[in-house]
Each structure stands twice: as structure tokens, then as C-alpha cells.
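So the structure is just underneath, and the comments pick up after that.
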Amino acid sequence: MPVGTQGTIKGLTNNQLEEIGCQIILGNTYHLALRPGADLIDEFGGLHKFMNWKRALLTDSGGFQMVSLLHLADITEKGVTFQSPVDGKPMLLTPEESIQIQNKIGADIIMALDDVVKTTITGPRIEEAMYRTLRWMDRCIAAHQKPDTQNLFGIVQGGLDPVLRDICVRGLVERNLPGYAIGGLAGGEDKDSFWRVVAQCTAALPEDKPRYVMGVGYPLDIVVCSALGADMYDCVYPTRTARFGSALIPEGVLKLKNRAMANDERPIDPTCPCMVCKTYTRAYLHCLVTKDAMGSQLLSYHNLSYMMKLSRDLHTSIVEGRFPEFVRGFLRTQFPKGDVPEWVCNAMEVAGIDISSCCASFSPSH
């Protein structure tokens, strides 16, 4: 899911998003509530009509801002008090208010307000946040006015502690929600801890409900998490890296600001069917990314197109029963020398996918 914080994907029109096959985009409750405001969006008939987007929408709860804007936030049992970045006034976001705002915004999938803690923090704060997340889940369920049209997902917290994650997963599954997210990851923890939490949570969550790893957007991470049983992802990475002049390609990342690109007549990726790769050379894009806003727009288009194609290819390979082959092909392209990271090898072993042919020296550690 591309991230459109304020109801727009930076640099792309809705038509372009539809063109590249985008089915669902993410909006940010915290930012939308500040500007233009939930009441105004509600008056327009919800965010779908306000931004004229006919496909699916997901809104987050505003919980993540506790981590990213913590100098502005104070967390208590009641909720989160933010200092508004617009006018500096204190603003209380409770589970009830988060759901009320999301009911007005009208996304197809809405997220429960959770108590988010960076995974790099240890100690009693992790346990406190996990149990509070479960208590807030019940307040969100009680406050939810539109369960027939909006799917409320719960978020598994518990840091890197398997015992706390297990308690949280079981607590959420008991509440029989339409879908479940794995939260609190992609925040600086080591990759070995990251994949183990994903593997633990996906193994314990229901197979017939969507499983969403929040904030994950690197292609390699998405392939690994999909092998471990996850279904949904969101991240600003494809558009943010585009604004820094980097293009996503099957081999990894192409830095278009590099001087070597200045007279390269090839497209970004000869295998990519997107409008940018069909139309422009690396040399032309090199010229733009250093000088012109159009550069980041074209790269955002390509990068999101790449992510949509990766997701479609993953999906198709699962449906057609050739997912292990897909994974091996992906890894061979990304790591032609066979230097697949050890954490990926370990994750694939747990997922039951043999990637020994892709690794120069494969010695799994348990």
C-alpha cells in the first residue's frame, strides 16, 4: 500500500495510481485530523469522495506518531496528548476519538489505537504498552460506529519479547477481528529479531484473515515476510527514496544522481513495463533528479510501479503454486554472488523454502 499521508501520494495523480494497478492506499489519521479536519472530510462524504479515489483506503490510528513525534506526545491510560504542530495547542487522542475520526474519514480498513514503543526499548514499558494496547482495543471496538462498512484491525504489540507477543496475539484473536496487524517493527531492531517476531505472529494469527506488517517496504523484507505468511504492507520508502534520486530495480537500487548515469541511454529497468521505463533514459532522468521536481515524480511513478508489480508477481506465484521458485529467482537477481544475508537464509528455512542454490555458503543457524 503506497502511503498518502494527507490524502495524496506525493507526486502521483489518482489516475496514475490506477494505471500502475494500485488497489489500496494508506491515509494518516493524525495528519488528516489536523488538516483539513475530519469534519470537513465527513461533509464531503468521506475521504473516498474528498480525494475522488474509488478504490480501497486504509487509515492508521495516529499511534505511530507517538514514536515519530514523541517530543510532542505524552501517553497515559486515557490516551495520547499531542502538541499540535499547527498551532501548538495540546490535543488529546483517545481510542474513542481515533475511531470517531476514522469513522468520519470513512476508510475501508481502520486501525485500533495502540500504545507504540520503539522495539529498541527494553524493560517494563514494553509490557505496559502491550497490555494497554489490548485494553484500548476493547475501547476501540465499543466506539466503532460502522462495523458493517469499515473493518477494524487490531495491532499486535510486545516488542521483541516472544512471551508478550504471544499474549497480545491470543488476546486479539479472542476478539475475532476482521484482520490483524503486526506493529512495532521496522524501527531499528536487528533483522534477525525482526523476522522472528513476524514468523511468531503469522504462525499464531488466523489463516483466513489478513495479516499486515506495518511500516515494512523494502522489497527483500516484503518477500521474506510473505514467505512467513504475511499479506499486507505499507511504507513511504518507494516514494521517499525516489525523492533522493534512487530507483528500485530487480537487482536492488539504481542511484540516478551518480555521474555514470549522465550518458546512459538505457531505461531505468529494461524489464519494467511502466510508462517511465518505456519513455525516458537514465541520462534524461539523471538530468532531472538533480534539478527538477519532475524527476522525483517520475521516479515515484516507477518505484510504485515496481512495488505493485513485485506484489502482483508474488501473489500470482502463490496462486500458481510456484512461490519457492519465485523467491529463489528474486534472491539470485538481488544477490548474484550468492551473498544472501544470514537472516534471510534462517527465515527461509523456517518458512520451509529451500534457497541453498542461491547461497554461496549456506549454514543455517537455529
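Identifiers in the C-alpha cells: chain A, B, ... in order shown; residue index from 1 per chain; ligand index from 1 in order shown.
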
Spatial neighbours of Leu299 of chain A, 9 Å, only C-alpha atoms, chain gap at least 2 places, as an NGL selection string: :A and (238-239 or 241-243 or 245-248 or 276 or 285 or 289 or 294-297 or 301-304)

Strand (DSSP E or B) positions in segment 39-130 of chain A, given as a list in words: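 These are the residues in question: Ala56, Leu57, Leu58, Thr59, Asp60, Ala73, Asp74, Ile75, Val80, Thr81, Phe82, Gln83, Pro90, Met91, Leu92, Leu93, Ile109, Ile110 and Met111 of chain A.
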
Shell around Leu12 of chain A at 9 Å using only C-alpha atoms, local window under 2 positions removed, as a list in words: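 Near neighbours after the sequence-gap exclusion: Thr8, Ile9, Lys10, Asn14, Asn15, Gln16, Leu17, Gln297, Leu298, Ser300 and Tyr301 of chain A.
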
Could you write those residues out with N, CA and C atoms, as a compact mmCIF listing (two decimals), in the first residue's frame?
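For reference, part_0.txt as written:
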```txt
# COMPACT_ATOMS: atom_id res chain seq x y z
N THR A 8 -2.98 12.11 -0.31
CA THR A 8 -2.38 12.19 -1.64
C THR A 8 -1.05 11.45 -1.62
N ILE A 9 -0.74 10.72 -2.69
CA ILE A 9 0.57 10.10 -2.81
C ILE A 9 1.47 11.15 -3.46
N LYS A 10 2.53 11.54 -2.78
CA LYS A 10 3.36 12.65 -3.28
C LYS A 10 3.80 12.43 -4.72
N ASN A 14 -4.38 10.32 -8.97
CA ASN A 14 -5.18 9.11 -8.79
C ASN A 14 -5.18 8.23 -10.04
N ASN A 15 -5.29 8.89 -11.21
CA ASN A 15 -5.29 8.14 -12.47
C ASN A 15 -4.00 7.33 -12.64
N GLN A 16 -2.87 7.95 -12.25
CA GLN A 16 -1.59 7.25 -12.37
C GLN A 16 -1.54 6.06 -11.42
N LEU A 17 -2.10 6.24 -10.21
CA LEU A 17 -2.12 5.13 -9.24
C LEU A 17 -2.96 3.97 -9.78
N GLN A 297 8.92 12.98 -9.31
CA GLN A 297 7.60 12.47 -9.71
C GLN A 297 7.73 11.24 -10.60
N LEU A 298 8.62 11.31 -11.58
CA LEU A 298 8.80 10.18 -12.49
C LEU A 298 9.38 8.97 -11.76
N SER A 300 9.04 8.37 -8.53
CA SER A 300 7.98 7.85 -7.64
C SER A 300 7.05 6.94 -8.43
N TYR A 301 6.70 7.37 -9.64
CA TYR A 301 5.84 6.57 -10.51
C TYR A 301 6.49 5.21 -10.78
```

Residues of segment 242-301 of chain A that approach segment 313-333 of chain A to 12 Å or less, counting only C-alpha atoms: could you list each one with the shortest pair of atoms and its distance in Å to one decimal, rows by chain and increasing residue number, as CSV?
```
residue,atom,partner,partner_atom,distance
A:Ile249,CA,A:Thr333,CA,9.8
A:Pro250,CA,A:Thr333,CA,6.4
A:Glu251,CA,A:Thr333,CA,5.4
A:Gly252,CA,A:Thr333,CA,8.4
A:Val253,CA,A:Thr333,CA,12.0
```

For N, CA and C atoms, I'd like the residues from the last selection saved as a PDB file, in the first residue's frame.
```pdb
ATOM      1  N   ILE A 249      15.068  -1.435  -8.704  1.00  0.00           N
ATOM      2  CA  ILE A 249      15.214  -2.345  -9.848  1.00  0.00           C
ATOM      3  C   ILE A 249      15.367  -3.768  -9.297  1.00  0.00           C
ATOM      4  N   PRO A 250      15.157  -4.793 -10.142  1.00  0.00           N
ATOM      5  CA  PRO A 250      15.249  -6.171  -9.626  1.00  0.00           C
ATOM      6  C   PRO A 250      16.578  -6.477  -8.933  1.00  0.00           C
ATOM      7  N   GLU A 251      17.654  -5.808  -9.352  1.00  0.00           N
ATOM      8  CA  GLU A 251      18.977  -6.048  -8.760  1.00  0.00           C
ATOM      9  C   GLU A 251      19.174  -5.309  -7.439  1.00  0.00           C
ATOM     10  N   GLY A 252      18.268  -4.379  -7.118  1.00  0.00           N
ATOM     11  CA  GLY A 252      18.427  -3.594  -5.889  1.00  0.00           C
ATOM     12  C   GLY A 252      18.023  -2.152  -6.101  1.00  0.00           C
ATOM     13  N   VAL A 253      19.014  -1.244  -6.012  1.00  0.00           N
ATOM     14  CA  VAL A 253      18.717   0.190  -6.139  1.00  0.00           C
ATOM     15  C   VAL A 253      19.652   0.817  -7.159  1.00  0.00           C
TER      16      VAL A 253
END
```

Atomic distance atom CA of Met261 of chain A - atom CA of Leu310 of chain A, expressed in Å with one decimal: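 Rounded to one decimal, the two atoms are 24.7 Å apart.
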
DSSP alpha helix (DSSP H) residues within segment 66-157 of chain A, listed as a ChimeraX atom specification: /A:66-68,95-105,124-143

File dump, residues just selected, N, CA and C atoms, as a JSON list (two decimals), in the first residue's frame:
```json
[["chain", "number", "residue", "atom", "x", "y", "z"],
["A", 66, "MET", "N", 3.19, 8.60, 18.07],
["A", 66, "MET", "CA", 3.75, 8.58, 19.42],
["A", 66, "MET", "C", 5.25, 8.34, 19.36],
["A", 67, "VAL", "N", 5.65, 7.48, 18.42],
["A", 67, "VAL", "CA", 7.07, 7.16, 18.29],
["A", 67, "VAL", "C", 7.78, 8.25, 17.50],
["A", 68, "SER", "N", 7.19, 8.62, 16.36],
["A", 68, "SER", "CA", 7.90, 9.53, 15.46],
["A", 68, "SER", "C", 7.88, 10.98, 15.95],
["A", 95, "PRO", "N", -8.54, 6.37, 22.35],
["A", 95, "PRO", "CA", -9.01, 5.31, 21.43],
["A", 95, "PRO", "C", -10.37, 5.65, 20.82],
["A", 96, "GLU", "N", -11.26, 6.20, 21.65],
["A", 96, "GLU", "CA", -12.60, 6.56, 21.16],
["A", 96, "GLU", "C", -12.52, 7.62, 20.08],
["A", 97, "GLU", "N", -11.67, 8.63, 20.33],
["A", 97, "GLU", "CA", -11.59, 9.72, 19.36],
["A", 97, "GLU", "C", -10.92, 9.27, 18.07],
["A", 98, "SER", "N", -9.90, 8.41, 18.19],
["A", 98, "SER", "CA", -9.24, 7.89, 16.99],
["A", 98, "SER", "C", -10.26, 7.18, 16.10],
["A", 99, "ILE", "N", -11.13, 6.37, 16.71],
["A", 99, "ILE", "CA", -12.15, 5.63, 15.94],
["A", 99, "ILE", "C", -13.21, 6.60, 15.40],
["A", 100, "GLN", "N", -13.60, 7.57, 16.22],
["A", 100, "GLN", "CA", -14.59, 8.57, 15.77],
["A", 100, "GLN", "C", -14.08, 9.31, 14.53],
["A", 101, "ILE", "N", -12.81, 9.72, 14.58],
["A", 101, "ILE", "CA", -12.19, 10.43, 13.44],
["A", 101, "ILE", "C", -12.16, 9.50, 12.22],
["A", 102, "GLN", "N", -11.75, 8.24, 12.45],
["A", 102, "GLN", "CA", -11.65, 7.30, 11.33],
["A", 102, "GLN", "C", -13.03, 6.95, 10.77],
["A", 103, "ASN", "N", -14.05, 6.93, 11.62],
["A", 103, "ASN", "CA", -15.43, 6.73, 11.12],
["A", 103, "ASN", "C", -15.83, 7.87, 10.20],
["A", 104, "LYS", "N", -15.42, 9.09, 10.54],
["A", 104, "LYS", "CA", -15.73, 10.25, 9.69],
["A", 104, "LYS", "C", -14.94, 10.22, 8.38],
["A", 105, "ILE", "N", -13.67, 9.82, 8.47],
["A", 105, "ILE", "CA", -12.83, 9.76, 7.27],
["A", 105, "ILE", "C", -13.35, 8.67, 6.32],
["A", 124, "PRO", "N", 10.06, -2.74, 31.57],
["A", 124, "PRO", "CA", 8.62, -2.81, 31.88],
["A", 124, "PRO", "C", 7.73, -1.99, 30.94],
["A", 125, "ARG", "N", 8.29, -0.98, 30.27],
["A", 125, "ARG", "CA", 7.49, -0.14, 29.37],
["A", 125, "ARG", "C", 6.88, -0.97, 28.23],
["A", 126, "ILE", "N", 7.62, -1.99, 27.75],
["A", 126, "ILE", "CA", 7.12, -2.85, 26.66],
["A", 126, "ILE", "C", 5.87, -3.61, 27.13],
["A", 127, "GLU", "N", 5.95, -4.17, 28.33],
["A", 127, "GLU", "CA", 4.82, -4.93, 28.88],
["A", 127, "GLU", "C", 3.62, -4.02, 29.12],
["A", 128, "GLU", "N", 3.88, -2.85, 29.69],
["A", 128, "GLU", "CA", 2.80, -1.87, 29.93],
["A", 128, "GLU", "C", 2.08, -1.53, 28.62],
["A", 129, "ALA", "N", 2.87, -1.27, 27.56],
["A", 129, "ALA", "CA", 2.30, -0.88, 26.27],
["A", 129, "ALA", "C", 1.47, -2.01, 25.66],
["A", 130, "MET", "N", 1.94, -3.25, 25.81],
["A", 130, "MET", "CA", 1.21, -4.39, 25.23],
["A", 130, "MET", "C", -0.15, -4.56, 25.90],
["A", 131, "TYR", "N", -0.17, -4.54, 27.25],
["A", 131, "TYR", "CA", -1.45, -4.71, 27.95],
["A", 131, "TYR", "C", -2.38, -3.52, 27.70],
["A", 132, "ARG", "N", -1.81, -2.31, 27.60],
["A", 132, "ARG", "CA", -2.62, -1.13, 27.30],
["A", 132, "ARG", "C", -3.22, -1.24, 25.90],
["A", 133, "THR", "N", -2.44, -1.77, 24.95],
["A", 133, "THR", "CA", -2.94, -1.96, 23.59],
["A", 133, "THR", "C", -4.18, -2.85, 23.59],
["A", 134, "LEU", "N", -4.18, -3.90, 24.40],
["A", 134, "LEU", "CA", -5.36, -4.79, 24.49],
["A", 134, "LEU", "C", -6.55, -4.07, 25.13],
["A", 135, "ARG", "N", -6.28, -3.28, 26.18],
["A", 135, "ARG", "CA", -7.39, -2.53, 26.82],
["A", 135, "ARG", "C", -7.96, -1.50, 25.86],
["A", 136, "TRP", "N", -7.06, -0.81, 25.14],
["A", 136, "TRP", "CA", -7.51, 0.19, 24.16],
["A", 136, "TRP", "C", -8.27, -0.47, 23.00],
["A", 137, "MET", "N", -7.91, -1.72, 22.67],
["A", 137, "MET", "CA", -8.63, -2.44, 21.61],
["A", 137, "MET", "C", -10.11, -2.55, 21.97],
["A", 138, "ASP", "N", -10.40, -2.89, 23.23],
["A", 138, "ASP", "CA", -11.80, -3.01, 23.65],
["A", 138, "ASP", "C", -12.52, -1.68, 23.58],
["A", 139, "ARG", "N", -11.82, -0.60, 23.91],
["A", 139, "ARG", "CA", -12.42, 0.74, 23.81],
["A", 139, "ARG", "C", -12.69, 1.11, 22.35],
["A", 140, "CYS", "N", -11.78, 0.69, 21.46],
["A", 140, "CYS", "CA", -11.97, 0.95, 20.02],
["A", 140, "CYS", "C", -13.18, 0.18, 19.49],
["A", 141, "ILE", "N", -13.30, -1.09, 19.89],
["A", 141, "ILE", "CA", -14.43, -1.91, 19.43],
["A", 141, "ILE", "C", -15.74, -1.28, 19.89],
["A", 142, "ALA", "N", -15.77, -0.84, 21.16],
["A", 142, "ALA", "CA", -17.00, -0.24, 21.71],
["A", 142, "ALA", "C", -17.36, 1.07, 21.01],
["A", 143, "ALA", "N", -16.34, 1.82, 20.58],
["A", 143, "ALA", "CA", -16.58, 3.13, 19.97],
["A", 143, "ALA", "C", -16.90, 3.05, 18.47]]
```

Atomic separation - atom CA of Tyr180 of chain A relative to atom CA of Phe64 of chain A, Å: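 Computed distance, atom CA of Phe64 of chain A to atom CA of Tyr180 of chain A, equals 16.0 Å.
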
With 8 Å as the cut-off and only C-alpha atoms counted, what is the closest atom pair between each nearby residue of segment 76-173 of chain A and segment 184-190 of chain A? Distances in Å to one decimal, ordered by chain and number, as JSON lines.
```
{"residue": "A:Val116", "atom": "CA", "partner": "A:Gly184", "partner_atom": "CA", "distance": 6.2}
{"residue": "A:Val117", "atom": "CA", "partner": "A:Gly184", "partner_atom": "CA", "distance": 6.5}
{"residue": "A:Lys118", "atom": "CA", "partner": "A:Gly187", "partner_atom": "CA", "distance": 6.1}
{"residue": "A:Thr119", "atom": "CA", "partner": "A:Glu189", "partner_atom": "CA", "distance": 6.0}
{"residue": "A:Thr120", "atom": "CA", "partner": "A:Glu189", "partner_atom": "CA", "distance": 5.8}
{"residue": "A:Gln157", "atom": "CA", "partner": "A:Gly184", "partner_atom": "CA", "distance": 6.2}
{"residue": "A:Gly158", "atom": "CA", "partner": "A:Gly184", "partner_atom": "CA", "distance": 7.9}
{"residue": "A:Gly159", "atom": "CA", "partner": "A:Gly184", "partner_atom": "CA", "distance": 6.4}
```

Long-range neighbours of Leu152 of chain A as a PyMOL selection string, 7 Å cut-off, only C-alpha atoms, 2 positions minimum in chain: chain A and resi 109-112+150+154+177-178

Top pick for closest residue to Met307 of chain A, considering A:Gly7, A:Pro36, A:Gly45, A:Pro2 and counting only C-alpha atoms: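 Closest residue, counting only C-alpha atoms: A:Pro2.
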
Nearest candidate to Val216 of chain A (options A:Ala360, A:Cys201, A:Ile121, A:Val236; using only C-alpha atoms):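 Ranking A:Ala360, A:Cys201, A:Ile121, A:Val236 by distance to Val216 of chain A, first place goes to A:Val236.
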
For segment 232-234 of chain A: contacts at 7 Å, only C-alpha atoms, fewer than 2 positions along chain excluded, given as a ChimeraX atom specification: /A:1-3,211-217,230

Grab the residues selected above and save them as a short mmCIF file (atom, residue, chain, number, x, y, z; two decimals), in the first residue's frame with all heavy atoms.
```
data_model
loop_
_atom_site.label_atom_id
_atom_site.label_comp_id
_atom_site.auth_asym_id
_atom_site.auth_seq_id
_atom_site.Cartn_x
_atom_site.Cartn_y
_atom_site.Cartn_z
N MET A 1 0.85 -1.20 0.00
CA MET A 1 0.00 0.00 0.00
C MET A 1 0.88 1.24 0.00
O MET A 1 1.61 1.46 0.96
CB MET A 1 -0.87 0.02 1.27
CG MET A 1 -1.86 -1.12 1.34
SD MET A 1 -2.80 -1.08 2.87
CE MET A 1 -1.59 -1.70 4.04
N PRO A 2 0.82 2.05 -1.05
CA PRO A 2 1.53 3.33 -1.01
C PRO A 2 0.94 4.21 0.10
O PRO A 2 -0.25 4.12 0.41
CB PRO A 2 1.25 3.94 -2.39
CG PRO A 2 0.81 2.81 -3.25
CD PRO A 2 0.15 1.83 -2.34
N VAL A 3 1.80 5.03 0.69
CA VAL A 3 1.36 5.88 1.81
C VAL A 3 1.05 7.28 1.31
O VAL A 3 1.91 7.97 0.77
CB VAL A 3 2.45 5.94 2.90
CG1 VAL A 3 2.02 6.85 4.04
CG2 VAL A 3 2.74 4.54 3.43
N ARG A 211 -3.14 -10.47 7.30
CA ARG A 211 -2.07 -10.24 8.27
C ARG A 211 -1.16 -9.15 7.70
O ARG A 211 -0.57 -9.33 6.64
CB ARG A 211 -1.31 -11.55 8.53
CG ARG A 211 -2.26 -12.58 9.15
CD ARG A 211 -1.60 -13.90 9.42
NE ARG A 211 -1.45 -14.72 8.23
CZ ARG A 211 -1.32 -16.05 8.25
NH1 ARG A 211 -1.34 -16.69 9.39
NH2 ARG A 211 -1.15 -16.72 7.13
N TYR A 212 -1.05 -8.08 8.41
CA TYR A 212 -0.48 -6.82 7.89
C TYR A 212 0.75 -6.44 8.71
O TYR A 212 0.63 -6.20 9.90
CB TYR A 212 -1.61 -5.78 7.96
CG TYR A 212 -1.26 -4.32 7.83
CD1 TYR A 212 -0.12 -3.87 7.17
CD2 TYR A 212 -2.13 -3.35 8.36
CE1 TYR A 212 0.15 -2.52 7.05
CE2 TYR A 212 -1.86 -2.00 8.25
CZ TYR A 212 -0.71 -1.58 7.59
OH TYR A 212 -0.46 -0.24 7.49
N VAL A 213 1.92 -6.43 8.06
CA VAL A 213 3.14 -5.99 8.76
C VAL A 213 3.32 -4.50 8.50
O VAL A 213 3.59 -4.08 7.37
CB VAL A 213 4.39 -6.78 8.31
CG1 VAL A 213 5.58 -6.43 9.20
CG2 VAL A 213 4.14 -8.29 8.37
N MET A 214 3.16 -3.70 9.54
CA MET A 214 3.11 -2.25 9.38
C MET A 214 4.50 -1.65 9.18
O MET A 214 5.46 -2.02 9.86
CB MET A 214 2.44 -1.62 10.61
CG MET A 214 1.05 -2.16 10.87
SD MET A 214 0.25 -1.35 12.26
CE MET A 214 -0.37 0.14 11.48
N GLY A 215 4.58 -0.72 8.24
CA GLY A 215 5.80 0.06 8.06
C GLY A 215 6.92 -0.67 7.33
O GLY A 215 8.05 -0.21 7.31
N VAL A 216 6.60 -1.82 6.72
CA VAL A 216 7.62 -2.59 6.02
C VAL A 216 7.50 -2.33 4.52
O VAL A 216 6.40 -2.43 3.96
CB VAL A 216 7.48 -4.10 6.33
CG1 VAL A 216 8.28 -4.95 5.35
CG2 VAL A 216 7.94 -4.37 7.76
N GLY A 217 8.62 -1.96 3.88
CA GLY A 217 8.53 -1.58 2.47
C GLY A 217 9.72 -1.92 1.61
O GLY A 217 9.67 -1.77 0.40
N ALA A 230 2.75 -13.33 5.80
CA ALA A 230 2.11 -12.01 5.87
C ALA A 230 1.49 -11.66 4.51
O ALA A 230 1.89 -12.20 3.49
CB ALA A 230 3.10 -10.94 6.30
#
```

Polymer residues at most 10 Å from Pro273 of chain A, only C-alpha atoms, same-chain spacing of 6 or more positions, as a list in words: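 What passes the distance filter is Ile20, His302, Ser305, Tyr306 and Lys309 of chain A.
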
Write out the residues from the selection above, keeping N, CA, C and O atoms, as an mmCIF file, in the first residue's frame.
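The result, written out as part26.cif:
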```cif
data_model
loop_
_atom_site.group_PDB
_atom_site.id
_atom_site.type_symbol
_atom_site.label_atom_id
_atom_site.label_comp_id
_atom_site.auth_asym_id
_atom_site.auth_seq_id
_atom_site.Cartn_x
_atom_site.Cartn_y
_atom_site.Cartn_z
ATOM 1 N N ILE A 20 -1.041 2.024 -12.568
ATOM 2 C CA ILE A 20 0.004 1.062 -12.156
ATOM 3 C C ILE A 20 -0.586 -0.096 -11.342
ATOM 4 O O ILE A 20 0.142 -0.943 -10.825
ATOM 5 N N HIS A 302 7.770 5.240 -11.160
ATOM 6 C CA HIS A 302 8.462 3.976 -11.447
ATOM 7 C C HIS A 302 8.563 3.099 -10.197
ATOM 8 O O HIS A 302 8.295 1.895 -10.259
ATOM 9 N N SER A 305 5.339 1.611 -9.287
ATOM 10 C CA SER A 305 5.036 0.638 -10.330
ATOM 11 C C SER A 305 5.818 -0.655 -10.072
ATOM 12 O O SER A 305 5.278 -1.762 -10.173
ATOM 13 N N TYR A 306 7.086 -0.500 -9.694
ATOM 14 C CA TYR A 306 7.924 -1.663 -9.354
ATOM 15 C C TYR A 306 7.331 -2.441 -8.180
ATOM 16 O O TYR A 306 7.225 -3.672 -8.211
ATOM 17 N N LYS A 309 4.162 -4.300 -9.184
ATOM 18 C CA LYS A 309 4.490 -5.488 -9.991
ATOM 19 C C LYS A 309 5.068 -6.584 -9.104
ATOM 20 O O LYS A 309 4.712 -7.765 -9.240
#
```
